[in-house]
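Please read the structure below before turning to the comments.
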Amino acid sequence: MSEKIVSAQDDGDLQGAACTAASRLLSTTDIWSDVPSPLVAPAPASVSPPPREPDPIVEALKPVETVTAAAITHDRAPGQWPPRKLSLALQGGGTFAAFTWGVLERLLEEPSIAIDNISGASAGAINALLLASGFAEGGREGARARLNRFWIRLMHEASFRSLMLIGGFSPAGSSVAFGPTLRSGQFDPFDLDPLRQALSRDINFSALRDARCPKLLIAATRIRDGQQQIFRNDAVTADVALASTCPPLVHCAVEIDGEAYWDGGLGGNPPLLRLVQDTTSSEILLVQVTPARDSYVPITLAAIDRRLDQIAANAALNAEIAAMEWAQSQAASSLRLSRIAAEDFVDGLAQRSSTDLGRGFIRALHRSGREAAGRWLGQDADHSAAPAASGQRIVALEPVLA
């Protein structure tokens with residue numbers, strides 16, 4: 001499969017866009033900068049400008065902490081591949097996240113690659129937590145064993161609880177997918193204790209505070225205002241993991257410190273801009289498991305529901321990638337985003353259900369993830385050459401962004 005590179009070099013039109021000093025845009029590694037818009041004239045010294053209401057879009061994108069370009073550690077020398085340090089963005093998508101299991105397993109077999117930051121939502125968050133806690137306790141082999149044990153258990157249990165653990169449900173059609181199970185009384189969706197216990201079997205949450213643990217950004221969605229909440233290592237608990245995978249139509253919410261949360265994939269699947277802000281690596285790998293493309297127009301209720309879920313799952317991600325493309329057109333950056341998409345390696349994925357716990361299907365996803373990661377690692381050194389001064393390049397295995 002050929003590699004395709006998109007470079008945002010023509011910023012002529014963007015230079016004409018009006019922006020205020022409050023919304024100044026930074027490089028991709030430092031999302032905002034101190035460069036004011038050339039179209040906004042400074043106020044006279046004797047006149048104080050009137051107070052300005054904050055722009056909600058600007059506030060949503062503005063990072064909590066400012067990271068200057070000088071603070072970024074670039075660990076890749078020109079021509080070096082694979083990179084010495086890598087940050088990961090892991091998308092959620094129910095059982096499709098078994099593809100990510102394969103990707104992570106293959107990456108962990110590369111001793112020269114250090115994992116810096118990992119962001120995740122829903123099933124992506126569970127994969128991130130499994131890798132991080134296993135790595136803190138047993139290094140690469142510990143992480144691989146933790147991921148393997150969790151996914152094999154899911155295959156053998158093949159229960160509604162298993163799907164709850166990885167967000168494997170249809171937000172718009174949970175009653176269709178799971179109505180008989182709920183009506184039978186086999187599972188109480190308001191009793192979270194079995195889910196906490198299941199997670200605690202495989203994730204040592206105290207190990208996430210260990211200095212050897214990769215830095216985590218686990219997303220949940222605040223019900224009160226619909227905003228994304230990022231939980232880092234010292235704040236991650238079993239309840240945070242449950243909140244990140246919480247199905248709105250199956251049980252009410254997960255409460256953390258008096259705040260109610262739903263699935264993290266609703267606000268960012270996975271969180272990307274916050275990862276860019278926090279990373280000290282020059283390479284970010286996005287693992288996208290929810291299909292973006294479907295050549296069929298759905299007709300049945302189940303097919304329509306499935307396609308709506310796929311579109312919704314990728315909407316926030318597409319918006320964050322678009323913001324990064326705009327940022328890269330404004331300032332040169334050596335930070336690069338690569339993407340591995342499951343649909344490029346699994347035929348007909350858009351027609352499959354993210355609630356499919358069939359062992360053959362999950363094993364196939366796992367094998368495809370390993371293959372995809374191997375192809376990504378096997379790219380020649382030219383792939384990792386330093387980006388041109390015109391800006392960041394977004395690199396992906398086919399297909400690339402439209």
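Each chain in the structure tokens gets a letter, A, B, ..., in the order shown, and its residues are numbered from 1; ligands are numbered from 1 in order too.
For Gly267 in chain A, the residues within 7 Å (counting only C-alpha atoms, excluding itself and residues fewer than 3 positions away along the chain) are Thr221, Gln227, Gln228, Gly264 and Ala316 of chain A.
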Print the selection's residues with N, CA, C and O atoms to a file, as an mmCIF file, in the first residue's frame.
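Written output follows (part26.cif):
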data_model
loop_
_atom_site.group_PDB
_atom_site.id
_atom_site.type_symbol
_atom_site.label_atom_id
_atom_site.label_comp_id
_atom_site.auth_asym_id
_atom_site.auth_seq_id
_atom_site.Cartn_x
_atom_site.Cartn_y
_atom_site.Cartn_z
ATOM 1 N N THR A 221 -17.164 12.605 29.139
ATOM 2 C CA THR A 221 -17.976 13.755 28.745
ATOM 3 C C THR A 221 -18.845 14.201 29.914
ATOM 4 O O THR A 221 -19.653 13.412 30.435
ATOM 5 N N GLN A 227 -18.982 19.186 27.891
ATOM 6 C CA GLN A 227 -17.562 19.392 27.628
ATOM 7 C C GLN A 227 -16.755 18.132 27.924
ATOM 8 O O GLN A 227 -17.127 17.298 28.756
ATOM 9 N N GLN A 228 -15.635 18.036 27.233
ATOM 10 C CA GLN A 228 -14.721 16.919 27.450
ATOM 11 C C GLN A 228 -13.928 17.145 28.731
ATOM 12 O O GLN A 228 -13.419 18.235 28.975
ATOM 13 N N GLY A 264 -16.649 9.047 26.946
ATOM 14 C CA GLY A 264 -15.693 10.051 26.482
ATOM 15 C C GLY A 264 -15.665 10.218 24.983
ATOM 16 O O GLY A 264 -15.224 11.259 24.477
ATOM 17 N N ALA A 316 -15.926 14.394 15.934
ATOM 18 C CA ALA A 316 -15.026 15.198 16.764
ATOM 19 C C ALA A 316 -13.578 15.011 16.345
ATOM 20 O O ALA A 316 -12.788 15.969 16.335
#
### Message
So that I can check the secondary structure, give me every residue of range 275-393 of chain A assigned strand (DSSP E) by backbone DSSP, as a PyMOL selection string.
### Response
chain A and resi 283-288+336-341+393
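One distance worth recording is that between CA of Gly168 in chain A and CA of Gly258 in chain A, which is 26.0 Å.
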### Summary
The residue from A:Asn269, A:Ser338, A:Ser87, A:Thr355 with the smallest atom-to-atom distance to Arg161 in chain A, counting only C-alpha atoms, is A:Thr355
### Residue nearest Glu320 in chain A among A:Leu88, A:Leu275, A:Leu104, A:Leu217 (counting only C-alpha atoms)
A:Leu275
### Task
Would you mind listing what lies within 9 Å of Leu147 in chain A as an MDAnalysis selection string, with only C-alpha atoms counted and same-chain residues fewer than 5 positions away left out?
chainID A and resid 101 104:105 127 130:131 134 142 152 202
For the residues in the current selection, export N, CA, C and O atoms as a compact mmCIF listing (two decimals), in the first residue's frame.
# COMPACT_ATOMS: atom_id res chain seq x y z
N TRP A 101 -5.60 -3.57 19.94
CA TRP A 101 -4.85 -4.59 20.70
C TRP A 101 -3.71 -5.12 19.85
O TRP A 101 -2.56 -5.21 20.31
N LEU A 104 -0.97 -2.37 19.30
CA LEU A 104 -0.15 -2.15 20.50
C LEU A 104 0.78 -3.31 20.76
O LEU A 104 1.95 -3.12 21.15
N GLU A 105 0.29 -4.52 20.56
CA GLU A 105 1.14 -5.69 20.77
C GLU A 105 2.38 -5.64 19.87
O GLU A 105 3.50 -5.93 20.30
N ASN A 127 -7.88 0.16 26.45
CA ASN A 127 -6.61 -0.32 25.90
C ASN A 127 -5.44 0.49 26.46
O ASN A 127 -4.38 -0.07 26.76
N LEU A 130 -4.83 -0.61 30.10
CA LEU A 130 -4.23 -1.95 30.16
C LEU A 130 -2.74 -1.87 29.85
O LEU A 130 -1.90 -2.45 30.56
N LEU A 131 -2.40 -1.15 28.78
CA LEU A 131 -0.99 -1.02 28.40
C LEU A 131 -0.20 -0.31 29.50
O LEU A 131 0.89 -0.77 29.90
N GLY A 134 0.09 -2.38 32.85
CA GLY A 134 0.97 -3.53 32.62
C GLY A 134 2.41 -3.14 32.45
O GLY A 134 3.32 -3.81 32.96
N GLY A 142 4.90 -7.19 30.36
CA GLY A 142 3.75 -7.03 31.26
C GLY A 142 2.58 -6.37 30.56
O GLY A 142 1.42 -6.76 30.76
N ILE A 152 -8.80 -11.88 25.67
CA ILE A 152 -9.17 -13.30 25.63
C ILE A 152 -10.34 -13.55 26.58
O ILE A 152 -11.27 -14.31 26.26
N ASP A 202 -7.94 -6.66 35.85
CA ASP A 202 -6.93 -6.53 34.80
C ASP A 202 -6.14 -5.23 34.86
O ASP A 202 -5.09 -5.11 34.23
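Closest approach to Gln80 in chain A among A:Gln379, A:Gln229, A:Ser133, A:Ser162: A:Gln379, based on only C-alpha atoms.
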### Query
So which residues touch Ala114 in chain A within 8 Å, counting only C-alpha atoms, skipping near sequence neighbours fewer than 4 positions away, as an NGL selection string?
:A and (84-86)
Written selection (N, CA and C atoms) as a CSV table (one decimal), in the first residue's frame:
chain,number,residue,atom,x,y,z
A,84,ARG,N,12.3,7.1,18.2
A,84,ARG,CA,12.7,6.7,19.5
A,84,ARG,C,11.6,6.9,20.6
A,85,LYS,N,10.8,7.9,20.3
A,85,LYS,CA,9.7,8.1,21.3
A,85,LYS,C,8.4,8.4,20.5
A,86,LEU,N,7.3,7.9,21.0
A,86,LEU,CA,6.0,7.9,20.3
A,86,LEU,C,4.9,8.1,21.2
### Summary
Students should find that CA of Ala89 in chain A and CA of Ala145 in chain A are spaced 20.7 Å
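The coordinates place CA of Leu317 in chain A at 11.3 Å from CA of Val287 in chain A.
Once Glu137 in chain A and its same-chain neighbours fewer than 4 positions away are set aside, Ala132, Ser133, Gly142, Ala143, Asn204, Ala207, Asp210, Arg212 and Cys213 of chain A remain within 9 Å of it when counting only C-alpha atoms.
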Those same residues, written as a PDB file, in the first residue's frame with all heavy atoms?
ATOM      1  N   ALA A 132      -0.741   0.804  30.000  1.00  0.00           N
ATOM      2  CA  ALA A 132       0.004   1.613  30.964  1.00  0.00           C
ATOM      3  C   ALA A 132       0.233   0.877  32.276  1.00  0.00           C
ATOM      4  O   ALA A 132       1.352   0.865  32.813  1.00  0.00           O
ATOM      5  CB  ALA A 132      -0.743   2.927  31.210  1.00  0.00           C
ATOM      6  N   SER A 133      -0.826   0.255  32.811  1.00  0.00           N
ATOM      7  CA  SER A 133      -0.657  -0.427  34.093  1.00  0.00           C
ATOM      8  C   SER A 133       0.237  -1.657  33.943  1.00  0.00           C
ATOM      9  O   SER A 133       1.072  -1.938  34.813  1.00  0.00           O
ATOM     10  CB  SER A 133      -2.023  -0.835  34.657  1.00  0.00           C
ATOM     11  OG  SER A 133      -2.663  -1.771  33.815  1.00  0.00           O
ATOM     12  N   GLY A 142       4.898  -7.194  30.364  1.00  0.00           N
ATOM     13  CA  GLY A 142       3.755  -7.031  31.260  1.00  0.00           C
ATOM     14  C   GLY A 142       2.584  -6.371  30.564  1.00  0.00           C
ATOM     15  O   GLY A 142       1.424  -6.759  30.762  1.00  0.00           O
ATOM     16  N   ALA A 143       2.866  -5.380  29.730  1.00  0.00           N
ATOM     17  CA  ALA A 143       1.807  -4.704  28.987  1.00  0.00           C
ATOM     18  C   ALA A 143       1.162  -5.646  27.979  1.00  0.00           C
ATOM     19  O   ALA A 143      -0.066  -5.687  27.836  1.00  0.00           O
ATOM     20  CB  ALA A 143       2.376  -3.467  28.290  1.00  0.00           C
ATOM     21  N   ASN A 204      -4.350  -2.424  37.380  1.00  0.00           N
ATOM     22  CA  ASN A 204      -3.913  -1.975  38.697  1.00  0.00           C
ATOM     23  C   ASN A 204      -3.869  -0.454  38.667  1.00  0.00           C
ATOM     24  O   ASN A 204      -2.902   0.142  38.164  1.00  0.00           O
ATOM     25  CB  ASN A 204      -2.542  -2.564  39.029  1.00  0.00           C
ATOM     26  CG  ASN A 204      -2.050  -2.142  40.400  1.00  0.00           C
ATOM     27  OD1 ASN A 204      -2.687  -1.342  41.087  1.00  0.00           O
ATOM     28  ND2 ASN A 204      -0.907  -2.666  40.808  1.00  0.00           N
ATOM     29  N   ALA A 207      -0.909   1.456  40.059  1.00  0.00           N
ATOM     30  CA  ALA A 207       0.325   1.424  39.265  1.00  0.00           C
ATOM     31  C   ALA A 207       0.390   2.567  38.260  1.00  0.00           C
ATOM     32  O   ALA A 207       1.472   2.892  37.767  1.00  0.00           O
ATOM     33  CB  ALA A 207       0.445   0.086  38.532  1.00  0.00           C
ATOM     34  N   ASP A 210       2.887   5.271  38.999  1.00  0.00           N
ATOM     35  CA  ASP A 210       4.303   4.930  38.979  1.00  0.00           C
ATOM     36  C   ASP A 210       5.041   5.778  37.943  1.00  0.00           C
ATOM     37  O   ASP A 210       4.498   6.075  36.870  1.00  0.00           O
ATOM     38  CB  ASP A 210       4.466   3.447  38.646  1.00  0.00           C
ATOM     39  CG  ASP A 210       5.880   2.940  38.890  1.00  0.00           C
ATOM     40  OD1 ASP A 210       6.767   3.290  38.076  1.00  0.00           O
ATOM     41  OD2 ASP A 210       6.090   2.201  39.866  1.00  0.00           O
ATOM     42  N   ARG A 212       7.326   4.989  36.007  1.00  0.00           N
ATOM     43  CA  ARG A 212       7.602   4.258  34.761  1.00  0.00           C
ATOM     44  C   ARG A 212       6.396   4.195  33.836  1.00  0.00           C
ATOM     45  O   ARG A 212       6.509   3.749  32.691  1.00  0.00           O
ATOM     46  CB  ARG A 212       8.042   2.828  35.104  1.00  0.00           C
ATOM     47  CG  ARG A 212       9.366   2.730  35.852  1.00  0.00           C
ATOM     48  CD  ARG A 212       9.556   1.340  36.415  1.00  0.00           C
ATOM     49  NE  ARG A 212       8.562   1.030  37.444  1.00  0.00           N
ATOM     50  CZ  ARG A 212       8.504  -0.110  38.109  1.00  0.00           C
ATOM     51  NH1 ARG A 212       9.387  -1.066  37.844  1.00  0.00           N
ATOM     52  NH2 ARG A 212       7.573  -0.318  39.028  1.00  0.00           N
ATOM     53  N   CYS A 213       5.246   4.614  34.324  1.00  0.00           N
ATOM     54  CA  CYS A 213       4.005   4.493  33.567  1.00  0.00           C
ATOM     55  C   CYS A 213       3.917   5.585  32.497  1.00  0.00           C
ATOM     56  O   CYS A 213       4.240   6.744  32.756  1.00  0.00           O
ATOM     57  CB  CYS A 213       2.810   4.619  34.520  1.00  0.00           C
ATOM     58  SG  CYS A 213       1.224   4.320  33.745  1.00  0.00           S
TER      59      CYS A 213
END
### Query
If you count only C-alpha atoms, which residues fall within 10 Å of range 231-241 of chain A, apart from same-chain ones fewer than 3 positions away, as a ChimeraX atom specification?
/A:118-119,121-123,125-126,129,132,165-166,192-193,195-200,203-210,213-220,228,244-246,254-256,261,263-264
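Nearest to Gly92 in chain A of all the residues A:Asn318, A:Gln351, A:Thr300, A:Thr290 is A:Thr290, counting only C-alpha atoms.
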### Query
Between A:Leu273, A:Phe96, A:Gly139, A:Asp309, which has the minimum distance to Ala327 in chain A (counting only C-alpha atoms)?
A:Leu273
